[in-house]
>>> print(open('structure-v3.cif').read())   # mmCIF, C-alpha atoms
data_input
#
loop_
_atom_site.label_atom_id
_atom_site.label_comp_id
_atom_site.auth_asym_id
_atom_site.auth_seq_id
_atom_site.Cartn_x
_atom_site.Cartn_y
_atom_site.Cartn_z
CA MET O 1 -77.76 86.16 -47.00
CA ASN O 2 -74.33 84.65 -46.95
CA GLU O 3 -72.67 81.35 -46.14
CA THR O 4 -72.43 82.22 -42.45
CA ASP O 5 -76.18 82.77 -42.27
CA LEU O 6 -76.77 79.38 -43.82
CA HIS O 7 -74.43 77.74 -41.33
CA PHE O 8 -76.46 79.14 -38.43
CA PHE O 9 -79.57 77.43 -39.77
CA ILE O 10 -77.75 74.21 -40.63
CA ASP O 11 -76.28 74.02 -37.12
CA SER O 12 -79.66 74.73 -35.56
CA THR O 13 -81.31 72.01 -37.66
CA VAL O 14 -78.64 69.40 -36.93
CA ASN O 15 -78.87 70.23 -33.22
CA TYR O 16 -82.66 69.83 -33.27
CA PHE O 17 -82.56 66.26 -34.56
CA GLN O 18 -79.58 65.32 -32.38
CA GLU O 19 -81.23 66.58 -29.18
CA VAL O 20 -84.69 65.24 -29.87
CA THR O 21 -83.80 61.88 -31.38
CA GLY O 22 -80.18 61.20 -30.49
CA GLU O 23 -79.59 60.57 -34.19
CA GLN O 24 -77.80 62.99 -36.42
CA ALA O 25 -79.47 64.58 -39.41
CA ILE O 26 -77.38 64.98 -42.54
CA THR O 27 -77.70 68.25 -44.40
CA GLY O 28 -77.11 68.38 -48.13
CA ILE O 29 -75.59 71.20 -50.11
CA PRO O 30 -77.87 74.25 -49.97
CA TYR O 31 -79.10 75.59 -53.28
CA LEU O 32 -80.96 78.63 -54.51
CA LYS O 33 -84.68 78.04 -54.72
CA GLY O 34 -85.94 78.35 -58.26
CA LYS O 35 -89.48 78.37 -59.54
CA GLU O 36 -90.04 74.72 -58.70
CA PRO O 37 -92.14 74.30 -55.57
CA VAL O 38 -90.48 72.91 -52.47
CA VAL O 39 -93.46 71.53 -50.61
CA LEU O 40 -94.03 68.17 -48.95
CA ASP O 41 -96.96 66.97 -46.81
CA TYR O 42 -96.71 69.57 -44.02
CA SER O 43 -94.95 72.92 -43.90
CA GLY O 44 -94.29 75.05 -40.83
CA ILE O 45 -93.68 78.70 -41.65
CA ILE O 46 -92.11 81.36 -39.41
CA GLY O 47 -92.15 85.05 -40.30
CA ILE O 48 -89.00 86.97 -39.43
CA SER O 49 -88.97 90.64 -38.48
CA GLY O 50 -86.67 93.05 -36.70
CA LYS O 51 -83.16 93.62 -38.01
CA ARG O 52 -83.61 90.75 -40.47
CA LYS O 53 -86.79 90.32 -42.48
CA GLY O 54 -88.17 87.38 -44.37
CA CYS O 55 -89.31 83.90 -43.54
CA VAL O 56 -88.14 80.41 -42.76
CA TYR O 57 -90.06 77.25 -43.39
CA ILE O 58 -89.57 73.55 -42.98
CA THR O 59 -91.47 71.17 -45.19
CA THR O 60 -91.62 67.51 -44.37
CA THR O 61 -93.45 64.26 -44.81
CA SER O 62 -96.12 62.74 -42.66
CA GLU O 63 -93.91 59.68 -42.10
CA MET O 64 -91.03 61.71 -40.69
CA LEU O 65 -93.34 63.63 -38.39
CA ARG O 66 -94.98 60.46 -37.09
CA SER O 67 -91.56 58.99 -36.41
CA LEU O 68 -90.52 62.13 -34.49
CA ALA O 69 -93.81 62.20 -32.57
CA HIS O 70 -93.25 58.57 -31.60
CA ILE O 71 -89.90 59.53 -30.05
CA ILE O 72 -91.15 62.70 -28.33
CA LEU O 73 -94.42 61.38 -26.97
CA ASP O 74 -93.72 57.66 -26.93
CA ASP O 75 -96.91 57.29 -28.93
CA PRO O 76 -96.69 55.26 -32.15
CA LYS O 77 -100.04 56.54 -33.40
CA ALA O 78 -99.73 60.30 -33.68
CA THR O 79 -102.89 62.06 -34.81
CA VAL O 80 -103.02 64.48 -37.74
CA GLU O 81 -103.41 67.25 -35.17
CA THR O 82 -100.16 66.20 -33.47
CA VAL O 83 -98.33 65.94 -36.76
CA LYS O 84 -99.44 69.45 -37.79
CA ASP O 85 -98.56 70.86 -34.40
CA LEU O 86 -95.12 69.28 -34.49
CA THR O 87 -94.40 70.82 -37.89
CA GLY O 88 -94.91 74.28 -36.43
CA GLU O 89 -92.87 73.46 -33.35
CA ILE O 90 -89.87 72.27 -35.39
CA ALA O 91 -89.94 75.48 -37.44
CA ASN O 92 -90.24 77.53 -34.24
CA THR O 93 -87.36 75.74 -32.53
CA ILE O 94 -84.94 75.94 -35.46
CA SER O 95 -85.73 79.63 -36.00
CA GLY O 96 -85.65 80.50 -32.30
CA ASN O 97 -82.32 78.79 -31.74
CA VAL O 98 -80.53 80.95 -34.32
CA ARG O 99 -81.06 83.90 -32.00
CA GLU O 100 -77.93 82.59 -30.31
CA ALA O 101 -76.13 84.03 -33.33
CA TYR O 102 -78.37 86.94 -34.31
CA GLY O 103 -79.50 88.14 -30.89
CA SER O 104 -82.91 89.25 -29.70
CA SER O 105 -83.44 91.64 -32.63
CA PHE O 106 -84.14 88.54 -34.73
CA MET O 107 -87.88 88.40 -34.11
CA ILE O 108 -89.83 85.26 -34.92
CA SER O 109 -93.57 84.88 -35.37
CA VAL O 110 -95.73 82.08 -34.11
CA PRO O 111 -95.78 79.29 -36.71
CA VAL O 112 -98.29 78.91 -39.49
CA VAL O 113 -98.77 75.35 -40.68
CA VAL O 114 -99.80 74.47 -44.22
CA GLU O 115 -101.19 71.00 -44.73
CA GLY O 116 -101.00 69.19 -48.03
CA LYS O 117 -99.02 69.73 -51.15
CA ALA O 118 -99.80 73.34 -51.86
CA LYS O 119 -98.63 74.81 -55.15
CA ASP O 120 -95.78 76.44 -53.30
CA ILE O 121 -95.11 78.54 -50.22
CA ARG O 122 -95.21 82.20 -51.10
CA LEU O 123 -91.96 83.93 -50.19
CA PRO O 124 -90.99 87.60 -50.14
CA GLU O 125 -90.26 88.77 -53.64
CA HIS O 126 -86.85 90.13 -54.61
CA VAL O 127 -85.17 88.12 -51.87
CA GLN O 128 -83.13 85.01 -52.56
CA ALA O 129 -84.33 81.85 -50.88
CA PHE O 130 -81.99 78.98 -50.08
CA VAL O 131 -83.09 75.37 -49.78
CA ILE O 132 -81.26 73.14 -47.31
CA PRO O 133 -81.97 69.43 -47.93
CA ILE O 134 -82.08 67.41 -44.73
CA THR O 135 -81.97 63.65 -44.32
CA TRP O 136 -82.81 62.04 -41.00
CA LYS O 137 -82.93 58.26 -40.90
CA GLU O 138 -84.63 57.29 -44.14
CA TYR O 139 -86.66 60.48 -44.31
CA ARG O 140 -86.08 63.62 -46.34
CA CYS O 141 -87.24 67.17 -45.59
CA TYR O 142 -86.24 70.69 -46.57
CA LEU O 143 -85.53 73.88 -44.70
CA VAL O 144 -86.09 77.00 -46.80
CA VAL O 145 -84.51 80.23 -45.60
CA CYS O 146 -85.43 83.54 -47.20
CA LEU O 147 -83.89 86.53 -45.44
CA GLU O 148 -83.13 90.04 -46.59
CA MET N 1 -94.14 69.55 3.16
CA LYS N 2 -96.84 69.69 0.52
CA GLU N 3 -97.88 66.36 -0.97
CA LYS N 4 -98.21 67.68 -4.48
CA PHE N 5 -97.30 70.90 -6.23
CA LYS N 6 -99.88 72.43 -8.53
CA ILE N 7 -98.42 72.97 -12.00
CA LEU N 8 -99.66 75.00 -14.96
CA ILE N 9 -98.16 74.08 -18.35
CA ILE N 10 -98.11 76.84 -20.96
CA ASP N 11 -96.94 76.35 -24.53
CA ASP N 12 -98.57 77.03 -27.88
CA SER N 13 -97.52 73.56 -29.03
CA MET N 14 -99.82 70.77 -27.89
CA THR N 15 -96.97 68.30 -28.51
CA ILE N 16 -94.67 70.18 -26.16
CA ARG N 17 -97.38 70.48 -23.48
CA GLN N 18 -97.87 66.71 -23.64
CA ALA N 19 -94.11 66.06 -23.63
CA ILE N 20 -93.62 68.26 -20.55
CA GLU N 21 -96.48 66.55 -18.73
CA LYS N 22 -95.14 63.10 -19.62
CA ASN N 23 -91.55 63.89 -18.66
CA LEU N 24 -92.51 65.42 -15.33
CA SER N 25 -94.93 62.66 -14.38
CA ASP N 26 -92.50 61.17 -11.84
CA PHE N 27 -92.52 64.38 -9.79
CA PRO N 28 -95.13 65.06 -7.10
CA LEU N 29 -97.24 67.30 -9.32
CA GLU N 30 -100.89 67.89 -10.01
CA VAL N 31 -101.49 69.41 -13.43
CA VAL N 32 -104.11 72.10 -12.76
CA GLY N 33 -104.20 73.45 -16.29
CA MET N 34 -102.65 73.75 -19.72
CA ALA N 35 -102.76 76.74 -22.02
CA GLY N 36 -101.75 77.33 -25.62
CA ASP N 37 -101.79 81.13 -25.57
CA GLY N 38 -100.83 83.88 -23.19
CA LYS N 39 -104.31 85.21 -22.52
CA THR N 40 -105.74 81.82 -21.53
CA ALA N 41 -102.60 81.19 -19.49
CA LEU N 42 -103.19 84.29 -17.35
CA GLU N 43 -106.84 83.42 -16.82
CA LEU N 44 -105.87 79.91 -15.69
CA PHE N 45 -103.13 81.32 -13.49
CA LYS N 46 -105.66 83.48 -11.65
CA THR N 47 -108.19 80.69 -11.19
CA THR N 48 -105.88 77.76 -10.36
CA ASN N 49 -103.20 79.53 -8.28
CA PRO N 50 -100.38 77.13 -9.26
CA ASP N 51 -97.16 76.63 -7.27
CA VAL N 52 -95.13 76.11 -10.40
CA VAL N 53 -95.45 77.07 -14.06
CA THR N 54 -93.67 76.06 -17.26
CA LEU N 55 -93.89 78.98 -19.66
CA ASP N 56 -93.21 79.34 -23.38
CA ILE N 57 -92.36 82.78 -24.76
CA THR N 58 -93.41 82.84 -28.42
CA MET N 59 -97.18 82.45 -28.20
CA PRO N 60 -100.30 83.95 -29.74
CA GLU N 61 -102.42 86.58 -27.96
CA LEU N 62 -99.84 87.51 -25.34
CA ASP N 63 -96.15 86.59 -25.31
CA GLY N 64 -94.54 84.76 -22.42
CA ILE N 65 -92.54 87.74 -21.16
CA SER N 66 -95.75 89.77 -20.76
CA VAL N 67 -97.42 86.79 -19.09
CA LEU N 68 -94.47 86.42 -16.72
CA LYS N 69 -94.67 90.10 -15.70
CA GLU N 70 -98.37 89.75 -14.90
CA MET N 71 -97.84 86.51 -13.00
CA MET N 72 -95.19 88.14 -10.83
CA LYS N 73 -97.60 90.97 -9.95
CA ILE N 74 -100.14 88.39 -8.81
CA ASN N 75 -97.82 85.96 -7.02
CA LYS N 76 -94.10 86.68 -6.87
CA ASP N 77 -93.45 83.38 -5.08
CA VAL N 78 -94.59 81.19 -7.97
CA LYS N 79 -91.77 79.14 -9.48
CA VAL N 80 -91.63 79.73 -13.21
CA MET N 81 -89.51 77.70 -15.59
CA VAL N 82 -89.33 79.34 -19.00
CA ILE N 83 -89.07 76.73 -21.75
CA THR N 84 -88.46 78.40 -25.08
CA ALA N 85 -86.71 78.10 -28.43
CA LEU N 86 -85.27 81.61 -27.99
CA LYS N 87 -81.60 80.90 -27.44
CA ASP N 88 -80.26 84.40 -26.83
CA LYS N 89 -78.73 85.59 -23.61
CA ALA N 90 -80.68 88.86 -23.49
CA THR N 91 -84.05 87.10 -23.40
CA GLY N 92 -82.85 84.61 -20.81
CA LEU N 93 -81.52 87.39 -18.62
CA LYS N 94 -84.71 89.39 -19.01
CA ALA N 95 -86.85 86.43 -17.96
CA ILE N 96 -84.70 85.81 -14.88
CA GLN N 97 -84.74 89.50 -13.96
CA ILE N 98 -88.52 89.57 -14.15
CA GLY N 99 -88.75 86.60 -11.83
CA ALA N 100 -88.36 83.29 -13.67
CA LYS N 101 -86.42 80.74 -11.62
CA SER N 102 -85.16 78.71 -14.57
CA TYR N 103 -84.63 79.12 -18.33
CA LEU N 104 -84.49 76.02 -20.49
CA VAL N 105 -83.88 76.21 -24.24
CA LYS N 106 -85.73 73.89 -26.62
CA PRO N 107 -85.22 71.33 -27.90
CA PHE N 108 -84.87 69.58 -24.57
CA THR N 109 -84.17 66.00 -23.72
CA SER N 110 -86.12 64.27 -20.99
CA GLU N 111 -82.99 64.27 -18.82
CA LYS N 112 -82.37 68.00 -19.24
CA LEU N 113 -85.94 68.87 -18.40
CA LYS N 114 -86.03 66.65 -15.33
CA SER N 115 -82.67 67.89 -14.12
CA ALA N 116 -83.56 71.58 -14.55
CA PHE N 117 -86.92 71.01 -12.90
CA SER N 118 -85.35 69.20 -9.93
CA ARG N 119 -82.87 72.04 -9.45
CA MET N 120 -85.58 74.67 -9.58
CA MET N 121 -87.75 72.84 -7.09
CA GLY N 122 -84.82 72.02 -4.81
CA LEU N 123 -85.59 68.33 -5.11
CA ASN N 124 -82.06 67.03 -5.74
#
>>> encode(input="structure-v3.cif", output="structure tokens")
Amino acid sequence: MNETDLHFFIDSTVNYFQEVTGEQAITGIPYLKGKEPVVLDYSGIIGISGKRKGCVYITTTSEMLRSLAHIILDDPKATVETVKDLTGEIANTISGNVREAYGSSFMISVPVVVEGKAKDIRLPEHVQAFVIPITWKEYRCYLVVCLE
Amino acid sequence: MKEKFKILIIDDSMTIRQAIEKNLSDFPLEVVGMAGDGKTALELFKTTNPDVVTLDITMPELDGISVLKEMMKINKDVKVMVITALKDKATGLKAIQIGAKSYLVKPFTSEKLKSAFSRMMGLN
């Protein structure tokens, strides 16, 4: 992975929040994921296959998801089911949008959602993973990109 | 002119299905079904005979492109709007060549969805 790859994901993430909420998300400086877990309340994981292999996941808080659900559905009381579903949909949208850059050989799986603060999300070994910190309104989440 | 068009909403995200239904509620539509996977979608398509369909591509069981091909075999006049996160030209072109009338990339705003839907239905 190189800087250009990271920019594709940053642009896709910023576009997601801008389109859905009308408010810009701020991305922090990406860093290499170490041994410390990067896991918040809900994580949406997408497997990548085709020309590129690996995975992408977004991990976020319940509060951020409820705020997003309020905007999308105009419902201030999103259920746990909605919050989980939305986590997968965000991961799917960010990953699917980068096909604008990579083309149709960048194959994405349906999302898998992990609820709760798991020890960590297991990533492919021997492949560097980058963490992109994201701030939207007062909320913080992380996009983790691990591609061969 | 028909009073209401029968619509089938297909997306593996419940949130997106609800958002589509909510955003299209001003149109003369009767929601005849919703599906979260391709297999269920095809079954509902056969039993409800919708006039219009919104169709996701990345779904469990059967992907949206395969579903679209089957739908076109059954009823080539159905109006299908593909709503997907897949933002590459090849997939968009493929969907249109198979028979989709519209291709909308997620994330969508309410305005974009309504505008694309109006155009597809010839309502503007």
>>> closest_residue(input="structure-v3.cif", among="N:Ile98, N:Val78, N:Leu62, N:Ile16", to="Met121 in chain N", atoms="only C-alpha atoms")
N:Val78
>>> atom_distance(input="structure-v3.cif", atom1="CA of Asp85 in chain O", atom2="CA of Ser13 in chain N")
6.1 Å
>>> interface_residues(input="structure-v3.cif", of="chain N", to="chain O", cutoff="9 Å", atoms="all atoms listed in the file", output="list in words")
Asp12, Ser13, Met14, Thr15, Ile16, Gln18, Ala19, Lys22, Thr58, Met59, Pro60, Thr84, Ala85, Leu86, Lys87, Asp88, Lys89, Ala90, Thr91, Val105, Lys106, Pro107, Phe108 and Thr109 of chain N
>>> resolve_selection(input="structure-v3.cif", expression="the PyMOL selection byres ((chain N and resi 34-36) around 12)", output="PyMOL selection string")
(chain O and resi 85+110) or (chain N and resi 6-18+20-21+30-33+37-45+48+50+53-64+67)
>>> atom_distance(input="structure-v3.cif", atom1="CA of Ala95 in chain N", atom2="CA of Met71 in chain N")
12.1 Å
>>> atom_distance(input="structure-v3.cif", atom1="CA of Lys117 in chain O", atom2="CA of Tyr42 in chain O")
7.5 Å
>>> closest_residue(input="structure-v3.cif", among="O:Leu147, O:Arg140, O:Thr135, O:Thr79", to="Glu23 in chain O", atoms="all atoms listed in the file")
O:Thr135
>>> residues_near_point(input="structure-v3.cif", point="(-81.3, 70.5, -49.0)", cutoff="9 Å", atoms="all atoms listed in the file", output="list in words")
Thr27, Gly28, Ile29, Pro30, Tyr31, Phe130, Val131, Ile132, Pro133, Ile134, Thr135, Arg140, Cys141, Tyr142, Leu143 and Val144 of chain O
>>> resolve_selection(input="structure-v3.cif", expression="the PyMOL selection byres ((chain O and resi 2) around 12)", output="mmCIF file with C-alpha atoms, in the frame of the given file")
data_model
loop_
_atom_site.group_PDB
_atom_site.id
_atom_site.type_symbol
_atom_site.label_atom_id
_atom_site.label_comp_id
_atom_site.auth_asym_id
_atom_site.auth_seq_id
_atom_site.Cartn_x
_atom_site.Cartn_y
_atom_site.Cartn_z
ATOM 1 C CA MET O 1 -77.760 86.160 -47.000
ATOM 2 C CA GLU O 3 -72.670 81.350 -46.140
ATOM 3 C CA THR O 4 -72.430 82.220 -42.450
ATOM 4 C CA ASP O 5 -76.180 82.770 -42.270
ATOM 5 C CA LEU O 6 -76.770 79.380 -43.820
ATOM 6 C CA HIS O 7 -74.430 77.740 -41.330
ATOM 7 C CA PHE O 8 -76.460 79.140 -38.430
ATOM 8 C CA PHE O 9 -79.570 77.430 -39.770
ATOM 9 C CA PRO O 30 -77.870 74.250 -49.970
ATOM 10 C CA LEU O 32 -80.960 78.630 -54.510
ATOM 11 C CA GLN O 128 -83.130 85.010 -52.560
ATOM 12 C CA ALA O 129 -84.330 81.850 -50.880
ATOM 13 C CA PHE O 130 -81.990 78.980 -50.080
ATOM 14 C CA VAL O 145 -84.510 80.230 -45.600
ATOM 15 C CA CYS O 146 -85.430 83.540 -47.200
ATOM 16 C CA LEU O 147 -83.890 86.530 -45.440
ATOM 17 C CA GLU O 148 -83.130 90.040 -46.590
#
>>> residues_around(input="structure-v3.cif", residues="Leu40 in chain O", least_positions_apart="4", cutoff="12 Å", atoms="all atoms listed in the file", output="PyMOL selection string")
chain O and resi 44+57-65+87+113-121+139-143
>>> write_last_selection(input="structure-v3.cif", atoms="C-alpha atoms", output="CSV table (one decimal), in the frame of the given file")
chain,number,residue,atom,x,y,z
O,44,GLY,CA,-94.3,75.0,-40.8
O,57,TYR,CA,-90.1,77.2,-43.4
O,58,ILE,CA,-89.6,73.6,-43.0
O,59,THR,CA,-91.5,71.2,-45.2
O,60,THR,CA,-91.6,67.5,-44.4
O,61,THR,CA,-93.4,64.3,-44.8
O,62,SER,CA,-96.1,62.7,-42.7
O,63,GLU,CA,-93.9,59.7,-42.1
O,64,MET,CA,-91.0,61.7,-40.7
O,65,LEU,CA,-93.3,63.6,-38.4
O,87,THR,CA,-94.4,70.8,-37.9
O,113,VAL,CA,-98.8,75.4,-40.7
O,114,VAL,CA,-99.8,74.5,-44.2
O,115,GLU,CA,-101.2,71.0,-44.7
O,116,GLY,CA,-101.0,69.2,-48.0
O,117,LYS,CA,-99.0,69.7,-51.2
O,118,ALA,CA,-99.8,73.3,-51.9
O,119,LYS,CA,-98.6,74.8,-55.2
O,120,ASP,CA,-95.8,76.4,-53.3
O,121,ILE,CA,-95.1,78.5,-50.2
O,139,TYR,CA,-86.7,60.5,-44.3
O,140,ARG,CA,-86.1,63.6,-46.3
O,141,CYS,CA,-87.2,67.2,-45.6
O,142,TYR,CA,-86.2,70.7,-46.6
O,143,LEU,CA,-85.5,73.9,-44.7
>>> closest_residue(input="structure-v3.cif", among="O:Val39, O:Ile71, O:Lys53, O:Lys77", to="Arg122 in chain O", atoms="only C-alpha atoms")
O:Val39
>>> closest_residue(input="structure-v3.cif", among="O:Ala25, O:Cys55, O:Ile10, O:Val80", to="Asp41 in chain O", atoms="all atoms listed in the file")
O:Val80
>>> closest_residue(input="structure-v3.cif", among="O:Gly47, O:Pro76, O:Pro37, O:Gly54", to="Val127 in chain O", atoms="all atoms listed in the file")
O:Gly54
>>> residues_around(input="structure-v3.cif", residues="Tyr103 in chain N", least_positions_apart="6", cutoff="7 Å", atoms="all atoms listed in the file", output="PyMOL selection string")
chain N and resi 81-83+92
